[in-house]
Structure formats: C-alpha cells, structure tokens
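Student: Handing you this structure, nothing more for now.
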Amino acid sequence: MSLLEAKRLEKHYGDHVVLERLDFRVEAGDFVTLVGASGCGKTTFLKMLLGTERISRGSLTLDQRPIPEEPGPDRGVVFQKYSVFPHLTVLGNVMIAEELSQSRWLGKSFGTARRQARDKAMARIEEVGLANALGKYPHELSGGMQQRLAIAQALMMRPRILLLDEPFGALDPGIRQDMHELILTLWKEQQLTIFMITHDLKEAFALGTRLWVFDKLRHDPQAPEAFGATITYDLPIGERQPPADLSARLSERGLKTLTQETLL
Ligand SMILES: Nc1ncnc2c1ncn2[C@@H]1O[C@H](COP(=O)(O)OP(=O)(O)OP(=O)(O)O)[C@@H](O)[C@H]1O
C-alpha cells in the first residue's frame with residue numbers, strides 16, 4: 001500500500017495551469033529529489049503535500065485518504081530561508097512547533113505539558129547538533145546552524161513526511177556536505193519519507209533514492225500559461241554519484257530541453 005498516490009493531479013491559479021497530469025505512487029521511506037526549471041511549480045507541489053495549497057483537479061491521497069487541506073503533525077517543512085522565528089531562541093523556536101500544533105486555541109502550554117515539550121525540544125536540538133546553542137537567537141547563528149534549527153523545528157512533532165524546499169541552496173559547499181550527512185542520518189534513523197527540491201543535480205543524486213524531473217511536455221507560445229509542468233522523468237537512484245552520461249541518458253529517455261540548463 002503506497003503512502004502517497006496522485007492520479008491526474010492538477011494545480012491551477014485561475015487560468016494559469018501550473019501542474020498537470022501528475023500520476024505517481026510514493027512508498028514510505030522514499031527520498032524523492034525534485035529538479036526542474038525555475039517557476040515550473042516545484043514549490044507549489046510541495047505546498048499541496050503540506051496542505052497549504054489545495055489541489056485543483058484529480059486526486060492526491062495520503063494513506064488512501066484525500067490529503068488533509070491543512071498542515072498537520074505528520075508533515076514537516078523546511079524552506080531555504082525564513083523558516084525560523086527571529087525573536088525566539090533556539091529552544092523557543094523548537095518548542096513553539098509543539099505549542100502551535102497542540103495548543104492552537106490556548107496559544108501556550110503550561111506546567112507538565114511545557115516541561116515535556118522542553119525535554120522533547122532538547123532531544124531534537126541535540127539530534128541536529130545544536131545543543132551548545134540553546135539560548136542563541138537566529139541572527140547569532142551561521143546559515144548552516146539556522147538550517148539545523150529549521151530541521152529540528154520541522155522534526156519536533158516526529159513527522160512521517162519531511163518536505164525540503166532547497167534547504168541548502170544558500171550554504172557554502174563544505175557546510176552543505178555536513179548538512180547532507182545530517183539529513184541522511186535523520187532520514188534513516190527516523191524512517192522518514194522525504195521530498196527535497198534542489199537545483200543541484202549532484203545533491204539530488206547524493207541524497208535521493210528517486211529523482212523527479214518537472215517539465216512542460218506541452219507548450220503553446222501564444223498561451224504560455226495554458227499548460228502546466230508534469231513529472232517527465234522518474235529515475236531510481238542506485239548509485240551515489242550521477243553517472244557521467246546522465247544528460248545523454250535523460251535526453252534519450254525523453255527529457256525535454258526546457259529544464260536542461262538546470263541539469264548541466
Ligand atoms: N499563490 C499564487 N497565486 C498565483 N500564482 C502562483 C501562486 N504561487 C505560485 N504561483 C505561480 O505558480 C508558478 C510556479 O511557482 P513555484 O514557486 O511553485 O515554482 P518553482 O518551480 O518552485 O520555482 P523556483 O525553482 O524558482 O522556486 C509560478 O508561475 C508562480 O508565479
């Protein structure tokens with residue numbers, strides 16, 4: 001039984017078709033990396049999984065049921081920037097994930113519940129290697145540390161699905177490598193299902209078990225918004241390094257050229 005399944009899934013904004021004809025099954029434990037031209041709808045797709053954007057047509061199911069139309073504790077998300085609250089410390093940023101999720105009407109938790117949330121938050125902070133920075137504010141952290149914090153926040157509620165929108169795009173190569181190791185460890189230890197958008201094909205191969213290429217198969221120059229992108233390519237990643245002839249293989253197997261520049 002697949003964890004997630006889409007059938008003829010579409011997303012439109014008014015007359016603008018952003019995504020069309022999405023058909024897929026994703027199993028628990030898959031690590032799907034998403035590449036595609038800028039503006040082709042990758043973030044919109046992640047938002048449908050998160051529940052902050054509604055689907056327009058077709059179906060998208062989680063455990064055979066329509067995907068909830070609001071975010072829930074089973075799905076965590078990390079964006080490239082601005083995922084953390086600047087006015088809260090490291091500890092406060094992770095604790096608030098639980099407060100937001102469990103005390104929606106009260107706004108704050110008290111007593112035992114608060115102590116439990118604190119213990120849980122400390123464990124998450126330790127997992128991402130920030131135990132020495134509990135009282136620091138985001139502006140006092142490096143870019144890599146801020147993303148570690150965003151990951152701890154996203155994992156506070158122990159989600160099954162982790163959505164990553166170019167989380168390492170702004171980081172230096174050395175720091176990225178550390179973040180790759182962290183995310184692979186968390187993926188394995190917590191048996192996560194991960195969707196990660198990246199513009200770096202090497203990163204996609206280093207981390208994913210499956211590579212999805214989003215692209216437009218239909219294009220009308222007179223009406224550029226009439227057709228949306230779809231998953232033109234679903235490649236199982238066996239090897240850890242991209243094969244040298246990858247672009248040739250992608251072309252052979254039908255990748256259109258609209259996203260080619262992002263793959264080279
Ligand atoms: N709320 C919205 N209302 C109207 N149009 C939107 C909305 N959100 C996104 N779009 C449009 O949907 C298209 C896809 O945007 P999206 O951000 O999903 O692309 P992307 O592939 O993630 O791009 P990038 O790689 O640059 O982040 C864009 O044309 C964008 O302008």
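If you're wondering about the labels, chains in the structure tokens are A, B, ... by order shown, residues count from 1 in each chain, ligands from 1 in order shown.
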Can you list, as a list in words, every protein, DNA or RNA residue that comes within 8 Å of stretch 68-71 of chain A when you count only C-alpha atoms, leaving out same-chain residues fewer than 6 positions away?

Tutor: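 Non-adjacent residues within range: Leu50, Gly51, Thr52, Glu53 and Arg54 of chain A.
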
Student: Which residues are near A:Ala223? Cut-off 12 Å, only C-alpha atoms, ignore same chain within fewer than 6 positions. Put them as a ChimeraX atom specification.

Tutor: /A:15-17

Student: If the limit is 10 Å from any atom of ligand 1, counting only C-alpha atoms and all ligand atoms, which residues qualify? Return them as an NGL selection string.

Tutor: :A and (11-19 or 34-47 or 53 or 80 or 165-166 or 197-199 or 214-215 or 225 or 228-229 or 262)

Student: Write the selection just made, keeping C-alpha atoms, as a PDB file, in the first residue's frame?

Tutor:
```pdb
ATOM      1  CA  LYS A  11      -2.953  22.742  -9.868  1.00  0.00           C
ATOM      2  CA  HIS A  12      -4.242  25.944 -11.443  1.00  0.00           C
ATOM      3  CA  TYR A  13      -4.238  29.553 -10.339  1.00  0.00           C
ATOM      4  CA  GLY A  14      -7.189  30.983 -12.290  1.00  0.00           C
ATOM      5  CA  ASP A  15      -6.405  30.307 -15.964  1.00  0.00           C
ATOM      6  CA  HIS A  16      -2.758  29.606 -15.186  1.00  0.00           C
ATOM      7  CA  VAL A  17      -2.159  25.856 -15.252  1.00  0.00           C
ATOM      8  CA  VAL A  18       0.915  25.301 -13.090  1.00  0.00           C
ATOM      9  CA  LEU A  19       0.908  21.496 -12.788  1.00  0.00           C
ATOM     10  CA  LEU A  34      12.833  17.227  -7.360  1.00  0.00           C
ATOM     11  CA  VAL A  35      14.513  19.254 -10.089  1.00  0.00           C
ATOM     12  CA  GLY A  36      13.105  21.490 -12.800  1.00  0.00           C
ATOM     13  CA  ALA A  37      13.252  24.980 -14.285  1.00  0.00           C
ATOM     14  CA  SER A  38      12.615  27.958 -12.053  1.00  0.00           C
ATOM     15  CA  GLY A  39       8.892  28.677 -11.775  1.00  0.00           C
ATOM     16  CA  CYS A  40       7.735  25.283 -13.061  1.00  0.00           C
ATOM     17  CA  GLY A  41       5.740  24.502  -9.913  1.00  0.00           C
ATOM     18  CA  LYS A  42       8.012  22.532  -7.578  1.00  0.00           C
ATOM     19  CA  THR A  43       7.231  24.642  -4.501  1.00  0.00           C
ATOM     20  CA  THR A  44       3.540  24.599  -5.376  1.00  0.00           C
ATOM     21  CA  PHE A  45       3.718  20.814  -5.451  1.00  0.00           C
ATOM     22  CA  LEU A  46       5.355  20.718  -2.006  1.00  0.00           C
ATOM     23  CA  LYS A  47       2.657  23.050  -0.677  1.00  0.00           C
ATOM     24  CA  GLU A  53      -2.364  24.813  -1.278  1.00  0.00           C
ATOM     25  CA  GLN A  80      15.550  27.840   2.025  1.00  0.00           C
ATOM     26  CA  ASP A 165      12.453  23.327  -0.376  1.00  0.00           C
ATOM     27  CA  GLU A 166      16.057  24.000  -1.420  1.00  0.00           C
ATOM     28  CA  ILE A 197      13.683  20.401  -4.128  1.00  0.00           C
ATOM     29  CA  THR A 198      17.170  21.209  -5.331  1.00  0.00           C
ATOM     30  CA  HIS A 199      18.843  22.973  -8.231  1.00  0.00           C
ATOM     31  CA  PHE A 214       9.414  18.535 -13.557  1.00  0.00           C
ATOM     32  CA  ASP A 215       8.981  19.940 -17.025  1.00  0.00           C
ATOM     33  CA  GLU A 225       0.058  29.614 -19.100  1.00  0.00           C
ATOM     34  CA  GLY A 228       1.493  23.075 -16.816  1.00  0.00           C
ATOM     35  CA  ALA A 229       4.539  21.056 -15.882  1.00  0.00           C
ATOM     36  CA  THR A 262      19.252  23.428 -14.692  1.00  0.00           C
TER      37      THR A 262
END
```

Student: Just to confirm, what's the straight-line distance from atom CA of A:Gln116 to atom CA of A:Leu49 in Å (one decimal)?

Tutor: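 Interatomic distance, atom CA of A:Gln116 to atom CA of A:Leu49: 28.9 Å.
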
Student: Among stretch 27-95 of chain A, which ones does DSSP assign to strand (DSSP E) (computed from the backbone)? Answer as a list in words.

Tutor: Phe31, Val32, Thr33, Leu34, Val35, Gly36, Arg57, Gly58, Ser59, Leu60, Thr61, Leu62, Arg65, Pro66, Arg75, Gly76, Val77 and Val78 of chain A

Student: Those same residues, written as an mmCIF file, in the first residue's frame with C-alpha atoms?

Tutor:
```
data_model
loop_
_atom_site.group_PDB
_atom_site.id
_atom_site.type_symbol
_atom_site.label_atom_id
_atom_site.label_comp_id
_atom_site.auth_asym_id
_atom_site.auth_seq_id
_atom_site.Cartn_x
_atom_site.Cartn_y
_atom_site.Cartn_z
ATOM 1 C CA PHE A 31 13.707 10.012 -0.645
ATOM 2 C CA VAL A 32 12.463 11.900 -3.686
ATOM 3 C CA THR A 33 14.591 14.722 -5.088
ATOM 4 C CA LEU A 34 12.833 17.227 -7.360
ATOM 5 C CA VAL A 35 14.513 19.254 -10.089
ATOM 6 C CA GLY A 36 13.105 21.490 -12.800
ATOM 7 C CA ARG A 57 -8.275 18.561 -10.076
ATOM 8 C CA GLY A 58 -7.560 14.861 -9.824
ATOM 9 C CA SER A 59 -6.664 13.211 -6.548
ATOM 10 C CA LEU A 60 -3.838 13.230 -4.034
ATOM 11 C CA THR A 61 -4.076 10.707 -1.209
ATOM 12 C CA LEU A 62 -2.113 10.031 1.952
ATOM 13 C CA ARG A 65 -7.412 9.210 2.100
ATOM 14 C CA PRO A 66 -7.555 12.666 0.482
ATOM 15 C CA ARG A 75 4.274 16.614 7.695
ATOM 16 C CA GLY A 76 7.231 18.879 8.488
ATOM 17 C CA VAL A 77 8.714 21.503 6.178
ATOM 18 C CA VAL A 78 11.975 23.424 5.795
#
```

Student: Please list as a ChimeraX atom specification every residue within 9 Å of A:Val84, counting only C-alpha atoms and excluding residues in the same chain fewer than 4 positions away.

Tutor: /A:88,90,93-94,138,146-147,149-150,153

Student: Keeping N, CA and C atoms for every residue in the selection just given, could you write it to a file as a compact mmCIF listing (two decimals), in the first residue's frame?

Tutor:
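Saved the output as out26.txt:
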```
# COMPACT_ATOMS: atom_id res chain seq x y z
N LEU A 88 12.74 34.38 18.69
CA LEU A 88 12.80 33.26 19.64
C LEU A 88 14.19 32.64 19.62
N VAL A 90 16.92 29.38 20.09
CA VAL A 90 16.94 28.03 19.51
C VAL A 90 15.89 27.16 20.21
N ASN A 93 12.33 28.31 19.47
CA ASN A 93 11.92 28.01 18.10
C ASN A 93 11.47 26.57 17.95
N VAL A 94 12.10 25.66 18.67
CA VAL A 94 11.71 24.25 18.52
C VAL A 94 10.48 23.96 19.38
N PRO A 138 18.38 33.37 16.24
CA PRO A 138 18.78 33.05 14.87
C PRO A 138 19.86 33.96 14.29
N GLN A 146 21.35 27.82 11.29
CA GLN A 146 19.93 28.20 11.16
C GLN A 146 19.13 27.09 10.47
N GLN A 147 19.76 26.45 9.47
CA GLN A 147 19.04 25.37 8.79
C GLN A 147 18.94 24.13 9.69
N LEU A 149 18.53 24.35 12.83
CA LEU A 149 17.42 24.73 13.71
C LEU A 149 16.08 24.52 12.99
N ALA A 150 16.01 24.93 11.73
CA ALA A 150 14.76 24.75 10.97
C ALA A 150 14.41 23.26 10.87
N GLN A 153 13.06 22.08 14.19
CA GLN A 153 11.68 22.58 14.32
C GLN A 153 10.72 21.70 13.50
```

Student: Using only C-alpha atoms, find the one residue out of A:Thr193, A:Thr112, A:Thr89, A:Ser56 that sits nearest to A:Asp74.

Tutor: A:Thr193

Student: Hey, what does DSSP flag as alpha helix (DSSP H) within stretch 82-189 of chain A? Can you give it to me as a PyMOL selection string?

Tutor: chain A and resi 90-102+111-127+143-155+173-189

Student: Using only C-alpha atoms, can you tell me which of A:Phe79, A:Glu5, A:Ala152, A:Gly111 comes closest to A:Ile96?

Tutor: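 Smallest distance to A:Ile96 is found for A:Ala152.
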
Student: Between A:Ala97, A:Ile175, A:Leu141, A:Leu186, which one has atoms that come closest to A:Glu126, using only C-alpha atoms?

Tutor: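 Checking each candidate against A:Glu126, we get A:Leu186 as the closest.
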
Student: Excluding A:Asp23 and its own-chain neighbours fewer than 6 positions away, which residues fall within 12 Å of it when counting only C-alpha atoms? Please give them as number ranges by chain.

Tutor: A: 4-10, 58-61, 212, 230-234

Student: Give me, as a count of residues only, all polymer residues having an atom no more than 12 Å from A:Asp119, counting only C-alpha atoms and skipping those fewer than 6 positions away in the same chain.

Tutor: 10
